[in-house]
Amino acid sequence: MASDMKFEDGTLLRLRSPEPGGMPPLSLMPGFGAHRLAVRVEVERLDVAEGINQVTFSGELRAANGLGWIGSIMPVSVPLRTKVNVRPVELIIPVTSEQVLELEKHRNGQDMAVQLNVEGALLQSSGHPFADVQEVRRVPASVWENQIEQLGLAVSFTITVPLPMTDGLLATAAKHLQTADRQITAGEYSDAIRETRLAVGDMRKLNIWPSNGTKKRDDQGQDDRYGALLDQLAGQADGYAELVQALFNQASGPQHNDGAIGNASWVRADAIALNGMAASLLHRLAEEVRTGGAR
């Protein structure tokens, strides 16, 4: 995609996307609470008026389809009197973790689409010094998800807890939850719920917290109540798993559409809620194993 930026004095610049196969058109560099979002463009010099030596770009980045403002482009100057006719330029937009989370919620596992509004300024021009272009950039979901992964713990899409990763059932449960986290990022919500259910199953196999308890609430100790939480979470995840199986088999065989849960639809919020609760309980269970139950 290319757009021509024409100024009143006759200066003509062409902005276009980088060639496929090179650097990603959008990239994220992690920071402390705020991150560096870079949009890469190539600037081709088609015609430059006399006395013009450089152009300054600024503007803003918006989510496509009217989803709202993301941030302002930091001003960047590009020389125009060089032997190189086409120059790569990075347009930098600072974004917070909260903004990245909002983008992920709106992206919903699909390709990332942004609207780039770029304003050029020729400060040495004798005519009107400003011109602008507007483009929609689309980044494949797989490319964007790689950028999200590079943020590491700077952005959490479920809940940030230190998961046990040594060995045994605790480590297996943690790996299931990490897989679920990646699937949430990719928009694979049913698969994420299934991984959460597997994690809860591993946690129950440790038999540290009682399951299927029959004690009255006032008679339940701390372990009893943690066990009841696992029972409830496993029950909810089992219900999701039945739906997952029904979805996979929807073209061949009867649907699992009986009962109150049959008409429900499972979305990102369901996957995040279950994964977050399971991760929190796993963190507490790991402490129980580490201390041998001592408090």
# chains A, B, ... in the order shown; residues from 1 in each chain; ligands from 1
$ residues_around --residues "stretch 44-58 of chain A" --least-positions-apart "2" --cutoff "10 Å" --atoms "only C-alpha atoms" --output "PyMOL selection string"
chain A and resi 2+4-16+41-42+60+72-82+84-89+91-93+117-126+129-132
$ select_by_dssp --residues "stretch 53-118 of chain A" --states "strand (DSSP E or B)" --output "ChimeraX atom specification"
/A:54-63,68-79,86-96,112-118
$ atom_distance --atom1 "atom CA of A:Asp224" --atom2 "atom CA of A:Leu198"
21.3 Å
$ select_by_dssp --residues "stretch 25-150 of chain A" --states "alpha helix (DSSP H)" --output "PyMOL selection string"
chain A and resi 97-107+141-150
$ closest_residue --among "A:Ser27, A:Asn108, A:Ser280, A:Asn146" --to "A:Val95" --atoms "only C-alpha atoms"
A:Ser27
$ closest_residue --among "A:Ala199, A:Leu28, A:Val43, A:Ala113" --to "A:Ala63" --atoms "only C-alpha atoms"
A:Ala113
$ atom_distance --atom1 "atom CA of A:Arg138" --atom2 "atom CA of A:Met112"
5.6 Å
$ atom_distance --atom1 "atom CA of A:Asp181" --atom2 "atom CA of A:Leu116"
29.6 Å
$ residues_around --residues "A:Pro140" --least-positions-apart "5" --cutoff "10 Å" --atoms "only C-alpha atoms" --output "CSV table (one decimal) with N, CA and C atoms, in the first residue's frame"
chain,number,residue,atom,x,y,z
A,24,PRO,N,9.0,-6.6,10.6
A,24,PRO,CA,7.5,-6.5,10.7
A,24,PRO,C,7.1,-5.1,10.6
A,25,PRO,N,5.9,-4.9,10.0
A,25,PRO,CA,5.4,-3.5,9.8
A,25,PRO,C,5.1,-2.8,11.1
A,110,GLN,N,-8.0,-11.7,15.9
A,110,GLN,CA,-7.9,-11.5,14.5
A,110,GLN,C,-6.7,-10.7,14.1
A,111,ASP,N,-6.5,-10.5,12.8
A,111,ASP,CA,-5.4,-9.6,12.4
A,111,ASP,C,-5.5,-8.2,13.1
A,112,MET,N,-4.3,-7.6,13.3
A,112,MET,CA,-4.3,-6.3,13.9
A,112,MET,C,-4.4,-5.2,12.8
A,113,ALA,N,-5.5,-4.4,12.9
A,113,ALA,CA,-5.7,-3.4,11.9
A,113,ALA,C,-5.6,-2.0,12.6
A,145,GLU,N,1.1,-11.5,17.3
A,145,GLU,CA,1.2,-12.3,18.5
A,145,GLU,C,2.7,-12.5,18.9
$ closest_residue --among "A:Gly221, A:Gly71, A:Gly187, A:Pro94" --to "A:Ala269" --atoms "only C-alpha atoms"
A:Gly187
$ residues_around --residues "A:Glu104" --least-positions-apart "2" --cutoff "10 Å" --atoms "only C-alpha atoms" --output "JSON, numbers by chain"
{"A": [98, 99, 100, 101, 102, 106, 107, 108, 109, 110, 112, 144, 145, 148, 157, 184, 185, 186, 187]}
$ residues_around --residues "stretch 201-210 of chain A" --least-positions-apart "6" --cutoff "6 Å" --atoms "only C-alpha atoms" --output "NGL selection string"
:A and (169 or 173 or 223-224 or 227)
$ closest_residue --among "A:Asp231, A:Glu135, A:Glu149, A:Glu90" --to "A:Arg197" --atoms "only C-alpha atoms"
A:Asp231
